[in-house]
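Student: The structure follows.
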Amino acid sequence: MSREKQRPQIPDDMKAFNERVIAEFRTNQGQFSGNLEGRQLMVLTTTGRKTGLPKAVVIGYRRDGDRYLAIASNNGNDSAPHWYFNLRANPIAVAEVGPDKFEVRASVADREERKRLLNLIDYLPNQQALTKREIPIVIFERIQQ
């Protein structure tokens, strides 16, 4: 019996789902209920590369000291998510983690740093198995104000 790659269950209307999750996040100061309870999630607001408008999404993260790490997996699809392309055009974004909201500068881990960071992102191997492209590890560093 062959083992097929399993893609995560994605809601039919991802935009509506994302908006509900963001509303819950902001209402409850970064706390979730239901199947999202206990997960390390942030709201990331990028600037749309085509529209120039703010675009908010919920993404998973892990910590590396003072930095936040995320993977641009797009649920294992062969193309990176829109937020990744927005960050490539403009690396300044706003992150909301728990009750905290702050500006960040995004960068992509180079090959050497990627090797070190792989151990910190436990869900990357499962996502990487779904696609042939190398899923980027995005590093968010707080901009001091």
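By order of appearance in the structure tokens: chains A, B, ..., then residues from 1 within every chain, and ligands from 1 in the order shown.
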Please give the complete set of residues from region 40-136 of chain A that DSSP, run on the backbone, assigns to strand (DSSP E), formatted as a ChimeraX atom specification.

Tutor: /A:41-47,54-60,62-64,67-71,92-97,100-108

Student: For Lys115 (chain A), work out the shell of residues within 12 Å, counting only C-alpha atoms and skipping chain neighbours fewer than 6 positions away, then give it as a list of chain:residue names.

Tutor: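 The contact residues come out as A:Ala109, A:Ile121, A:Pro136, A:Ile137.
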
Student: Quick one: everything within 9 Å of Tyr84 (chain A), counting only C-alpha atoms, minus sequence neighbours fewer than 3 positions away in the same chain. Send it as a PDB file with N, CA, C and O atoms, in the first residue's frame.

Tutor:
ATOM      1  N   THR A  46       0.890  42.445   6.183  1.00  0.00           N
ATOM      2  CA  THR A  46       1.854  42.877   5.174  1.00  0.00           C
ATOM      3  C   THR A  46       1.202  43.962   4.321  1.00  0.00           C
ATOM      4  O   THR A  46       0.002  44.213   4.419  1.00  0.00           O
ATOM      5  N   ALA A  72       6.926  29.597   4.733  1.00  0.00           N
ATOM      6  CA  ALA A  72       6.053  30.033   3.642  1.00  0.00           C
ATOM      7  C   ALA A  72       5.592  28.797   2.871  1.00  0.00           C
ATOM      8  O   ALA A  72       5.953  28.578   1.725  1.00  0.00           O
ATOM      9  N   ALA A  80       4.413  29.638  -3.172  1.00  0.00           N
ATOM     10  CA  ALA A  80       4.433  30.236  -1.827  1.00  0.00           C
ATOM     11  C   ALA A  80       3.164  31.062  -1.616  1.00  0.00           C
ATOM     12  O   ALA A  80       2.503  31.466  -2.571  1.00  0.00           O
ATOM     13  N   PRO A  81       2.812  31.343  -0.366  1.00  0.00           N
ATOM     14  CA  PRO A  81       1.613  32.147  -0.081  1.00  0.00           C
ATOM     15  C   PRO A  81       1.811  33.620  -0.460  1.00  0.00           C
ATOM     16  O   PRO A  81       2.941  34.099  -0.578  1.00  0.00           O
ATOM     17  N   LEU A  87       6.065  40.242   1.408  1.00  0.00           N
ATOM     18  CA  LEU A  87       7.261  40.531   2.210  1.00  0.00           C
ATOM     19  C   LEU A  87       8.509  40.663   1.346  1.00  0.00           C
ATOM     20  O   LEU A  87       9.417  41.430   1.680  1.00  0.00           O
ATOM     21  N   ARG A  88       8.577  39.931   0.263  1.00  0.00           N
ATOM     22  CA  ARG A  88       9.725  40.057  -0.636  1.00  0.00           C
ATOM     23  C   ARG A  88       9.738  41.447  -1.280  1.00  0.00           C
ATOM     24  O   ARG A  88      10.795  42.015  -1.514  1.00  0.00           O
ATOM     25  N   ALA A  89       8.549  41.997  -1.533  1.00  0.00           N
ATOM     26  CA  ALA A  89       8.450  43.345  -2.117  1.00  0.00           C
ATOM     27  C   ALA A  89       8.670  44.424  -1.069  1.00  0.00           C
ATOM     28  O   ALA A  89       9.245  45.477  -1.357  1.00  0.00           O
ATOM     29  N   PRO A 136      10.578  28.237   2.085  1.00  0.00           N
ATOM     30  CA  PRO A 136      11.428  29.212   2.787  1.00  0.00           C
ATOM     31  C   PRO A 136      11.090  29.320   4.276  1.00  0.00           C
ATOM     32  O   PRO A 136       9.926  29.199   4.676  1.00  0.00           O
ATOM     33  N   VAL A 138      11.041  32.043   7.026  1.00  0.00           N
ATOM     34  CA  VAL A 138      11.033  33.500   7.129  1.00  0.00           C
ATOM     35  C   VAL A 138      11.324  33.875   8.574  1.00  0.00           C
ATOM     36  O   VAL A 138      10.736  33.326   9.506  1.00  0.00           O
TER      37      VAL A 138
END

Student: Between CA of Asn119 (chain A) and CA of Ala70 (chain A), measure the distance and give it in Å to one decimal.

Tutor: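 Calculated distance between CA of Asn119 (chain A) and CA of Ala70 (chain A) is 12.8 Å.
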
Student: What's around Gly48 (chain A) at 12 Å? Count only C-alpha atoms, leave out sequence neighbours fewer than 2 positions away in its own chain, and write the answer as an MDAnalysis selection string.

Tutor: chainID A and resid 45:46 50:57 82:93

Student: Expressed in Å to a single decimal, how great is the separation between CA of Gln127 (chain A) and CA of Asn75 (chain A)?

Tutor: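 Rounded to one decimal, the two atoms are 6.5 Å apart.
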
Student: Between A:Ile143, A:Tyr61, A:Arg26, A:Val43, which residue has the minimum interatomic distance to Phe102 (chain A), considering only C-alpha atoms?

Tutor: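 Result for the nearest residue to Phe102 (chain A): A:Ile143.
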
Student: Considering only helix (DSSP H, G or I) as DSSP defines it on the backbone, what residues of region 44-138 of chain A qualify? List them as a list in words.

Tutor: His82, Trp83, Tyr84, Phe85, Asn86, Leu87, Arg88, Ala89, Arg111, Glu112, Glu113, Arg114, Lys115, Arg116, Leu117, Leu118, Asn119, Leu120, Leu124, Pro125, Asn126, Gln127 and Gln128 of chain A

Student: Export, as an mmCIF file, in the first residue's frame, the selected residues with C-alpha atoms.

Tutor:
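Result written to again-v7.cif:
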data_model
loop_
_atom_site.group_PDB
_atom_site.id
_atom_site.type_symbol
_atom_site.label_atom_id
_atom_site.label_comp_id
_atom_site.auth_asym_id
_atom_site.auth_seq_id
_atom_site.Cartn_x
_atom_site.Cartn_y
_atom_site.Cartn_z
ATOM 1 C CA HIS A 82 0.742 35.727 -1.028
ATOM 2 C CA TRP A 83 2.102 37.084 2.261
ATOM 3 C CA TYR A 84 5.556 35.766 1.335
ATOM 4 C CA PHE A 85 5.566 37.635 -1.983
ATOM 5 C CA ASN A 86 4.313 40.764 -0.202
ATOM 6 C CA LEU A 87 7.261 40.531 2.210
ATOM 7 C CA ARG A 88 9.725 40.057 -0.636
ATOM 8 C CA ALA A 89 8.450 43.345 -2.117
ATOM 9 C CA ARG A 111 21.148 27.885 3.446
ATOM 10 C CA GLU A 112 23.500 27.796 6.451
ATOM 11 C CA GLU A 113 21.025 29.340 8.883
ATOM 12 C CA ARG A 114 18.229 27.161 7.499
ATOM 13 C CA LYS A 115 20.148 24.061 8.611
ATOM 14 C CA ARG A 116 20.242 25.353 12.185
ATOM 15 C CA LEU A 117 16.601 26.480 12.214
ATOM 16 C CA LEU A 118 15.161 23.228 10.844
ATOM 17 C CA ASN A 119 15.178 21.708 14.343
ATOM 18 C CA LEU A 120 13.042 24.551 15.722
ATOM 19 C CA LEU A 124 8.236 21.853 8.397
ATOM 20 C CA PRO A 125 9.100 18.247 7.377
ATOM 21 C CA ASN A 126 5.424 17.366 6.915
ATOM 22 C CA GLN A 127 4.821 20.471 4.803
ATOM 23 C CA GLN A 128 8.050 19.985 2.818
#

Student: Quick one: residues within 10 Å of Leu41 (chain A), only C-alpha atoms counted, chain neighbours fewer than 3 positions away excluded, as a PyMOL selection string?

Tutor: chain A and resi 25+30-32+36-38+44+58-62+70+96-98

Student: Report the distance between CA of Asp66 (chain A) and CA of Ile135 (chain A) in Å, rounded to one decimal place.

Tutor: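 These two atoms are separated by 22.2 Å.
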
Student: Quick one: residues within 9 Å of Arg142 (chain A), only C-alpha atoms, excluding same-chain residues fewer than 6 positions away - as a VMD selection string?

Tutor: chain A and resid 66 to 68 95 102 to 105
